[in-house]
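J.: coords-v1.txt (compact mmCIF, N, CA and C atoms) pasted underneath:
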```txt
# COMPACT_ATOMS: atom_id res chain seq x y z
N MET A 7 0.81 -1.19 0.00
CA MET A 7 0.00 0.00 0.00
C MET A 7 0.86 1.27 0.00
N ALA A 8 2.04 1.20 0.60
CA ALA A 8 2.90 2.38 0.65
C ALA A 8 3.29 2.82 -0.76
N ASP A 9 3.51 1.85 -1.65
CA ASP A 9 3.85 2.18 -3.04
C ASP A 9 2.73 2.98 -3.70
N ILE A 10 1.50 2.55 -3.50
CA ILE A 10 0.36 3.23 -4.11
C ILE A 10 0.26 4.66 -3.57
N ASP A 11 0.38 4.81 -2.26
CA ASP A 11 0.31 6.15 -1.67
C ASP A 11 1.43 7.04 -2.20
N ALA A 12 2.64 6.51 -2.29
CA ALA A 12 3.77 7.30 -2.80
C ALA A 12 3.53 7.72 -4.25
N LYS A 13 2.96 6.84 -5.05
CA LYS A 13 2.69 7.17 -6.45
C LYS A 13 1.60 8.24 -6.56
N ILE A 14 0.55 8.12 -5.76
CA ILE A 14 -0.51 9.13 -5.77
C ILE A 14 0.05 10.47 -5.30
N GLN A 15 0.89 10.46 -4.28
CA GLN A 15 1.50 11.70 -3.79
C GLN A 15 2.38 12.33 -4.88
N HIS A 16 3.13 11.50 -5.60
CA HIS A 16 3.97 12.00 -6.68
C HIS A 16 3.13 12.68 -7.76
N VAL A 17 2.05 12.03 -8.16
CA VAL A 17 1.16 12.60 -9.18
C VAL A 17 0.54 13.89 -8.66
N THR A 18 0.13 13.90 -7.40
CA THR A 18 -0.47 15.10 -6.81
C THR A 18 0.52 16.26 -6.82
N CYS A 19 1.77 15.99 -6.48
CA CYS A 19 2.80 17.05 -6.47
C CYS A 19 3.03 17.63 -7.87
N ASN A 20 2.73 16.86 -8.90
CA ASN A 20 2.86 17.31 -10.28
C ASN A 20 1.54 17.80 -10.84
N GLU A 21 0.62 18.18 -9.96
CA GLU A 21 -0.70 18.69 -10.34
C GLU A 21 -1.47 17.75 -11.24
N GLY A 22 -1.23 16.46 -11.08
CA GLY A 22 -1.96 15.45 -11.83
C GLY A 22 -1.43 15.17 -13.22
N ARG A 23 -0.41 15.91 -13.64
CA ARG A 23 0.15 15.65 -14.98
C ARG A 23 0.75 14.25 -14.99
N PRO A 24 0.48 13.49 -16.04
CA PRO A 24 1.05 12.15 -16.11
C PRO A 24 2.57 12.23 -16.27
N THR A 25 3.26 11.43 -15.48
CA THR A 25 4.71 11.40 -15.50
C THR A 25 5.18 9.95 -15.60
N PRO A 26 5.39 9.48 -16.84
CA PRO A 26 5.86 8.10 -16.99
C PRO A 26 7.17 7.90 -16.25
N PRO A 27 7.41 6.78 -15.65
CA PRO A 27 6.60 5.56 -15.66
C PRO A 27 5.56 5.50 -14.54
N ILE A 28 5.48 6.54 -13.70
CA ILE A 28 4.53 6.52 -12.57
C ILE A 28 3.09 6.54 -13.08
N SER A 29 2.79 7.43 -14.01
CA SER A 29 1.44 7.53 -14.56
C SER A 29 1.52 7.88 -16.03
N LYS A 30 0.43 7.55 -16.74
CA LYS A 30 0.39 7.84 -18.18
C LYS A 30 -1.05 7.92 -18.63
N PRO A 31 -1.29 8.54 -19.79
CA PRO A 31 -2.66 8.56 -20.32
C PRO A 31 -3.15 7.14 -20.60
N LEU A 32 -4.41 6.92 -20.37
CA LEU A 32 -5.01 5.63 -20.68
C LEU A 32 -5.52 5.70 -22.11
N HIS A 33 -4.90 4.97 -22.99
CA HIS A 33 -5.20 5.02 -24.41
C HIS A 33 -6.69 4.78 -24.68
N GLY A 34 -7.30 5.71 -25.42
CA GLY A 34 -8.70 5.58 -25.79
C GLY A 34 -9.68 6.15 -24.77
N TYR A 35 -9.16 6.73 -23.69
CA TYR A 35 -10.02 7.26 -22.64
C TYR A 35 -9.58 8.67 -22.27
N SER A 36 -10.41 9.36 -21.50
CA SER A 36 -10.13 10.75 -21.11
C SER A 36 -9.41 10.83 -19.77
N CYS A 37 -8.95 9.72 -19.26
CA CYS A 37 -8.31 9.72 -17.94
C CYS A 37 -6.88 9.17 -18.04
N PHE A 38 -6.24 9.16 -16.90
CA PHE A 38 -4.87 8.67 -16.79
C PHE A 38 -4.86 7.45 -15.89
N GLU A 39 -3.74 6.72 -15.90
CA GLU A 39 -3.63 5.54 -15.07
C GLU A 39 -2.33 5.54 -14.28
N ILE A 40 -2.41 4.98 -13.11
CA ILE A 40 -1.25 4.66 -12.29
C ILE A 40 -1.27 3.15 -12.16
N LEU A 41 -0.15 2.52 -12.48
CA LEU A 41 -0.05 1.07 -12.35
C LEU A 41 0.84 0.73 -11.17
N ASN A 42 0.40 -0.23 -10.38
CA ASN A 42 1.19 -0.66 -9.23
C ASN A 42 1.17 -2.19 -9.17
N PRO A 43 2.33 -2.83 -9.28
CA PRO A 43 2.35 -4.29 -9.22
C PRO A 43 1.92 -4.80 -7.84
N LYS A 44 1.03 -5.77 -7.84
CA LYS A 44 0.60 -6.40 -6.60
C LYS A 44 1.48 -7.62 -6.33
N ASP A 45 1.67 -8.41 -7.38
CA ASP A 45 2.57 -9.56 -7.34
C ASP A 45 3.02 -9.83 -8.78
N ALA A 46 3.65 -10.94 -9.03
CA ALA A 46 4.20 -11.22 -10.36
C ALA A 46 3.12 -11.34 -11.43
N ASN A 47 1.90 -11.66 -11.03
CA ASN A 47 0.84 -11.90 -12.01
C ASN A 47 -0.26 -10.84 -12.02
N THR A 48 -0.25 -9.92 -11.07
CA THR A 48 -1.36 -8.99 -10.91
C THR A 48 -0.86 -7.55 -10.76
N VAL A 49 -1.58 -6.65 -11.42
CA VAL A 49 -1.28 -5.22 -11.34
C VAL A 49 -2.54 -4.50 -10.87
N ILE A 50 -2.36 -3.49 -10.02
CA ILE A 50 -3.47 -2.64 -9.61
C ILE A 50 -3.46 -1.42 -10.52
N ARG A 51 -4.57 -1.16 -11.19
CA ARG A 51 -4.71 0.01 -12.06
C ARG A 51 -5.59 1.03 -11.36
N ILE A 52 -5.07 2.24 -11.21
CA ILE A 52 -5.80 3.33 -10.59
C ILE A 52 -6.08 4.37 -11.66
N LEU A 53 -7.34 4.67 -11.90
CA LEU A 53 -7.73 5.64 -12.91
C LEU A 53 -8.02 6.98 -12.25
N TYR A 54 -7.53 8.07 -12.86
CA TYR A 54 -7.77 9.40 -12.34
C TYR A 54 -7.79 10.40 -13.48
N PHE A 55 -8.21 11.63 -13.19
CA PHE A 55 -8.08 12.72 -14.15
C PHE A 55 -7.78 14.00 -13.40
N ARG A 56 -7.37 15.00 -14.15
CA ARG A 56 -7.02 16.30 -13.57
C ARG A 56 -8.23 17.22 -13.59
N HIS A 57 -8.40 17.94 -12.50
CA HIS A 57 -9.44 18.96 -12.42
C HIS A 57 -8.89 20.11 -11.59
N GLN A 58 -8.74 21.26 -12.20
CA GLN A 58 -8.23 22.46 -11.54
C GLN A 58 -6.92 22.18 -10.81
N GLN A 59 -5.96 21.62 -11.51
CA GLN A 59 -4.63 21.30 -11.00
C GLN A 59 -4.65 20.33 -9.81
N LYS A 60 -5.72 19.58 -9.68
CA LYS A 60 -5.81 18.54 -8.66
C LYS A 60 -6.16 17.24 -9.35
N ILE A 61 -6.04 16.14 -8.62
CA ILE A 61 -6.43 14.87 -9.21
C ILE A 61 -7.74 14.40 -8.59
N VAL A 62 -8.53 13.73 -9.40
CA VAL A 62 -9.76 13.10 -8.94
C VAL A 62 -9.60 11.61 -9.21
N LEU A 63 -9.57 10.83 -8.13
CA LEU A 63 -9.46 9.38 -8.27
C LEU A 63 -10.82 8.84 -8.69
N LEU A 64 -10.82 8.07 -9.76
CA LEU A 64 -12.08 7.60 -10.34
C LEU A 64 -12.40 6.15 -10.00
N HIS A 65 -11.40 5.28 -10.14
CA HIS A 65 -11.69 3.86 -10.06
C HIS A 65 -10.36 3.12 -9.93
N ALA A 66 -10.38 2.00 -9.26
CA ALA A 66 -9.20 1.15 -9.17
C ALA A 66 -9.63 -0.30 -9.25
N PHE A 67 -8.79 -1.10 -9.88
CA PHE A 67 -9.11 -2.51 -9.99
C PHE A 67 -7.84 -3.31 -10.25
N GLU A 68 -7.92 -4.60 -9.99
CA GLU A 68 -6.81 -5.49 -10.27
C GLU A 68 -6.99 -6.07 -11.66
N LYS A 69 -5.86 -6.21 -12.35
CA LYS A 69 -5.89 -6.82 -13.69
C LYS A 69 -4.68 -7.72 -13.82
N PRO A 70 -4.73 -8.67 -14.74
CA PRO A 70 -3.55 -9.50 -14.96
C PRO A 70 -2.37 -8.64 -15.44
N ALA A 71 -1.17 -9.01 -15.04
CA ALA A 71 0.02 -8.27 -15.46
C ALA A 71 0.15 -8.30 -16.98
N SER A 72 -0.19 -9.42 -17.57
CA SER A 72 -0.27 -9.51 -19.03
C SER A 72 -1.49 -10.36 -19.36
N TYR A 73 -2.20 -9.92 -20.38
CA TYR A 73 -3.42 -10.65 -20.72
C TYR A 73 -3.54 -10.74 -22.24
N THR A 74 -4.04 -11.86 -22.68
CA THR A 74 -4.15 -12.08 -24.12
C THR A 74 -5.51 -12.63 -24.54
N THR A 75 -6.23 -13.22 -23.60
CA THR A 75 -7.51 -13.83 -23.99
C THR A 75 -8.58 -12.74 -24.16
N ASP A 76 -9.55 -13.02 -24.99
CA ASP A 76 -10.66 -12.09 -25.18
C ASP A 76 -11.40 -11.84 -23.88
N ARG A 77 -11.55 -12.86 -23.08
CA ARG A 77 -12.26 -12.72 -21.80
C ARG A 77 -11.53 -11.72 -20.89
N GLU A 78 -10.21 -11.84 -20.81
CA GLU A 78 -9.43 -10.91 -19.97
C GLU A 78 -9.49 -9.50 -20.53
N LYS A 79 -9.39 -9.38 -21.84
CA LYS A 79 -9.45 -8.05 -22.47
C LYS A 79 -10.80 -7.39 -22.20
N LYS A 80 -11.88 -8.16 -22.30
CA LYS A 80 -13.22 -7.62 -22.04
C LYS A 80 -13.38 -7.19 -20.59
N MET A 81 -12.80 -7.96 -19.66
CA MET A 81 -12.88 -7.61 -18.25
C MET A 81 -12.17 -6.28 -17.99
N VAL A 82 -10.97 -6.11 -18.54
CA VAL A 82 -10.21 -4.87 -18.36
C VAL A 82 -10.95 -3.70 -19.02
N GLU A 83 -11.47 -3.93 -20.22
CA GLU A 83 -12.23 -2.89 -20.93
C GLU A 83 -13.46 -2.46 -20.13
N LYS A 84 -14.14 -3.42 -19.53
CA LYS A 84 -15.32 -3.11 -18.71
C LYS A 84 -14.93 -2.21 -17.53
N GLN A 85 -13.84 -2.51 -16.88
CA GLN A 85 -13.37 -1.71 -15.76
C GLN A 85 -12.95 -0.31 -16.20
N ASN A 86 -12.29 -0.21 -17.35
CA ASN A 86 -11.91 1.10 -17.89
C ASN A 86 -13.15 1.94 -18.17
N LYS A 87 -14.18 1.32 -18.69
CA LYS A 87 -15.42 2.04 -18.98
C LYS A 87 -16.10 2.53 -17.70
N ILE A 88 -15.97 1.78 -16.63
CA ILE A 88 -16.51 2.23 -15.34
C ILE A 88 -15.81 3.52 -14.92
N GLY A 89 -14.50 3.56 -15.05
CA GLY A 89 -13.77 4.78 -14.73
C GLY A 89 -14.19 5.95 -15.58
N GLU A 90 -14.39 5.72 -16.87
CA GLU A 90 -14.83 6.78 -17.78
C GLU A 90 -16.24 7.25 -17.41
N LYS A 91 -17.08 6.33 -16.99
CA LYS A 91 -18.44 6.69 -16.56
C LYS A 91 -18.38 7.60 -15.33
N TYR A 92 -17.53 7.27 -14.37
CA TYR A 92 -17.39 8.10 -13.18
C TYR A 92 -16.85 9.48 -13.53
N LEU A 93 -15.95 9.56 -14.48
CA LEU A 93 -15.43 10.84 -14.93
C LEU A 93 -16.57 11.69 -15.49
N ASN A 94 -17.39 11.11 -16.33
CA ASN A 94 -18.51 11.86 -16.91
C ASN A 94 -19.52 12.30 -15.86
N ILE A 95 -19.78 11.46 -14.87
CA ILE A 95 -20.68 11.84 -13.78
C ILE A 95 -20.10 13.04 -13.04
N PHE A 96 -18.82 13.02 -12.76
CA PHE A 96 -18.17 14.12 -12.06
C PHE A 96 -18.27 15.41 -12.86
N LYS A 97 -17.97 15.34 -14.14
CA LYS A 97 -18.00 16.54 -14.98
C LYS A 97 -19.40 17.13 -15.09
N LEU A 98 -20.41 16.30 -15.07
CA LEU A 98 -21.79 16.76 -15.23
C LEU A 98 -22.42 17.28 -13.94
N ASN A 99 -21.72 17.15 -12.82
CA ASN A 99 -22.29 17.54 -11.52
C ASN A 99 -21.36 18.47 -10.75
N PRO A 100 -21.17 19.70 -11.24
CA PRO A 100 -20.24 20.61 -10.56
C PRO A 100 -20.66 20.95 -9.14
N GLN A 101 -21.92 20.76 -8.77
CA GLN A 101 -22.33 21.05 -7.40
C GLN A 101 -21.68 20.07 -6.42
N ASN A 102 -21.14 18.96 -6.92
CA ASN A 102 -20.49 17.98 -6.05
C ASN A 102 -19.01 18.28 -5.83
N TYR A 103 -18.45 19.26 -6.52
CA TYR A 103 -17.03 19.57 -6.38
C TYR A 103 -16.77 20.10 -4.98
N GLU A 104 -15.67 19.70 -4.42
CA GLU A 104 -15.28 20.18 -3.10
C GLU A 104 -14.06 21.07 -3.22
N LYS A 105 -13.97 22.07 -2.40
CA LYS A 105 -12.82 22.97 -2.36
C LYS A 105 -11.88 22.49 -1.27
N TYR A 106 -10.61 22.42 -1.59
CA TYR A 106 -9.60 22.03 -0.58
C TYR A 106 -8.57 23.12 -0.46
```
For this file, write the structure as structure tokens.

T.:
Amino acid sequence: MADIDAKIQHVTCNEGRPTPPISKPLHGYSCFEILNPKDANTVIRILYFRHQQKIVLLHAFEKPASYTTDREKKMVEKQNKIGEKYLNIFKLNPQNYEKY
């Protein structure tokens, strides 16, 4: 867990700008990803986006470190779409924004 916190803190210090290899744009989506290895076979993907020089954490899930089957690809795609859905909900509801 310390690795995840350190990576989120790093991204936060950079105002949410993606800084490879810590974070990068998620291809085909409007958000960015932070990848954190859980073990040799599993990676934790954390989806976020920038809003007013801050980061908004959208979604996190475990995925295989490498995947090739259609079933695995569909599972990862489904999770990515959940993150994109949360991003759209956030953008459409400015009354929910909090000031820090």

J.: Just the residues within 7 Å of Leu63 in chain A, please, counting all atoms listed in the file, with nothing from its chain fewer than 3 positions along; format it as a PyMOL selection string.

T.: chain A and resi 52-55+66

J.: Find, counting all atoms listed in the file, the residue in A:Gly22, A:Pro31, A:Gly89, A:Pro100 that gets nearest to Gln59 in chain A.

T.: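 Going through A:Gly22, A:Pro31, A:Gly89, A:Pro100 one by one, the smallest distance to Gln59 in chain A is for A:Gly22.
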
J.: Would you give me, as a VMD selection string, the residues in chain A that DSSP reads as strand (DSSP E or B)?

T.: chain A and resid 29 to 31 38 to 43 48 to 57 60 to 70

J.: Take CA of Thr48 in chain A and atom C of Asp9 in chain A and report the distance between them in Å, one decimal.

T.: 14.6 Å

J.: Neighbours of Glu68 in chain A within 7 Å (all atoms listed in the file; same-chain residues fewer than 4 positions away dropped), as a compact mmCIF listing (two decimals) with N, CA and C atoms, keeping the file's coordinate frame?

T.:
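Contents of part19.txt, as written:
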```
# COMPACT_ATOMS: atom_id res chain seq x y z
N THR A 48 -0.25 -9.92 -11.07
CA THR A 48 -1.36 -8.99 -10.91
C THR A 48 -0.86 -7.55 -10.76
N VAL A 49 -1.58 -6.65 -11.42
CA VAL A 49 -1.28 -5.22 -11.34
C VAL A 49 -2.54 -4.50 -10.87
N ILE A 50 -2.36 -3.49 -10.02
CA ILE A 50 -3.47 -2.64 -9.61
C ILE A 50 -3.46 -1.42 -10.52
N ARG A 51 -4.57 -1.16 -11.19
CA ARG A 51 -4.71 0.01 -12.06
C ARG A 51 -5.59 1.03 -11.36
```

J.: Range 25-28 of chain A: which residues within 6.5 Å, counting only N, CA and C atoms, same-chain residues fewer than 5 positions away excluded, as a list in words?

T.: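 Residues meeting the cut-off are Lys13, Glu39, Ile40 and Leu41 of chain A.
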
J.: Please give the complete set of residues from chain A that DSSP, run on the backbone, assigns to alpha helix (DSSP H), formatted as a PyMOL selection string.

T.: chain A and resi 8-19+76-98

J.: Please write N, CA and C atoms of range 68-92 of chain A, from the structure given just now, as a CSV table (one decimal), in the first residue's frame.

T.:
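The resulting file, part.csv, is reproduced below:
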```
chain,number,residue,atom,x,y,z
A,68,GLU,N,-7.9,-4.6,-10.0
A,68,GLU,CA,-6.8,-5.5,-10.3
A,68,GLU,C,-7.0,-6.1,-11.7
A,69,LYS,N,-5.9,-6.2,-12.4
A,69,LYS,CA,-5.9,-6.8,-13.7
A,69,LYS,C,-4.7,-7.7,-13.8
A,70,PRO,N,-4.7,-8.7,-14.7
A,70,PRO,CA,-3.6,-9.5,-15.0
A,70,PRO,C,-2.4,-8.6,-15.4
A,71,ALA,N,-1.2,-9.0,-15.0
A,71,ALA,CA,0.0,-8.3,-15.5
A,71,ALA,C,0.2,-8.3,-17.0
A,72,SER,N,-0.2,-9.4,-17.6
A,72,SER,CA,-0.3,-9.5,-19.0
A,72,SER,C,-1.5,-10.4,-19.4
A,73,TYR,N,-2.2,-9.9,-20.4
A,73,TYR,CA,-3.4,-10.7,-20.7
A,73,TYR,C,-3.5,-10.7,-22.2
A,74,THR,N,-4.0,-11.9,-22.7
A,74,THR,CA,-4.2,-12.1,-24.1
A,74,THR,C,-5.5,-12.6,-24.5
A,75,THR,N,-6.2,-13.2,-23.6
A,75,THR,CA,-7.5,-13.8,-24.0
A,75,THR,C,-8.6,-12.7,-24.2
A,76,ASP,N,-9.6,-13.0,-25.0
A,76,ASP,CA,-10.7,-12.1,-25.2
A,76,ASP,C,-11.4,-11.8,-23.9
A,77,ARG,N,-11.5,-12.9,-23.1
A,77,ARG,CA,-12.3,-12.7,-21.8
A,77,ARG,C,-11.5,-11.7,-20.9
A,78,GLU,N,-10.2,-11.8,-20.8
A,78,GLU,CA,-9.4,-10.9,-20.0
A,78,GLU,C,-9.5,-9.5,-20.5
A,79,LYS,N,-9.4,-9.4,-21.8
A,79,LYS,CA,-9.4,-8.1,-22.5
A,79,LYS,C,-10.8,-7.4,-22.2
A,80,LYS,N,-11.9,-8.2,-22.3
A,80,LYS,CA,-13.2,-7.6,-22.0
A,80,LYS,C,-13.4,-7.2,-20.6
A,81,MET,N,-12.8,-8.0,-19.7
A,81,MET,CA,-12.9,-7.6,-18.2
A,81,MET,C,-12.2,-6.3,-18.0
A,82,VAL,N,-11.0,-6.1,-18.5
A,82,VAL,CA,-10.2,-4.9,-18.4
A,82,VAL,C,-11.0,-3.7,-19.0
A,83,GLU,N,-11.5,-3.9,-20.2
A,83,GLU,CA,-12.2,-2.9,-20.9
A,83,GLU,C,-13.5,-2.5,-20.1
A,84,LYS,N,-14.1,-3.4,-19.5
A,84,LYS,CA,-15.3,-3.1,-18.7
A,84,LYS,C,-14.9,-2.2,-17.5
A,85,GLN,N,-13.8,-2.5,-16.9
A,85,GLN,CA,-13.4,-1.7,-15.8
A,85,GLN,C,-13.0,-0.3,-16.2
A,86,ASN,N,-12.3,-0.2,-17.4
A,86,ASN,CA,-11.9,1.1,-17.9
A,86,ASN,C,-13.1,1.9,-18.2
A,87,LYS,N,-14.2,1.3,-18.7
A,87,LYS,CA,-15.4,2.0,-19.0
A,87,LYS,C,-16.1,2.5,-17.7
A,88,ILE,N,-16.0,1.8,-16.6
A,88,ILE,CA,-16.5,2.2,-15.3
A,88,ILE,C,-15.8,3.5,-14.9
A,89,GLY,N,-14.5,3.6,-15.1
A,89,GLY,CA,-13.8,4.8,-14.7
A,89,GLY,C,-14.2,6.0,-15.6
A,90,GLU,N,-14.4,5.7,-16.9
A,90,GLU,CA,-14.8,6.8,-17.8
A,90,GLU,C,-16.2,7.3,-17.4
A,91,LYS,N,-17.1,6.3,-17.0
A,91,LYS,CA,-18.4,6.7,-16.6
A,91,LYS,C,-18.4,7.6,-15.3
A,92,TYR,N,-17.5,7.3,-14.4
A,92,TYR,CA,-17.4,8.1,-13.2
A,92,TYR,C,-16.9,9.5,-13.5
```
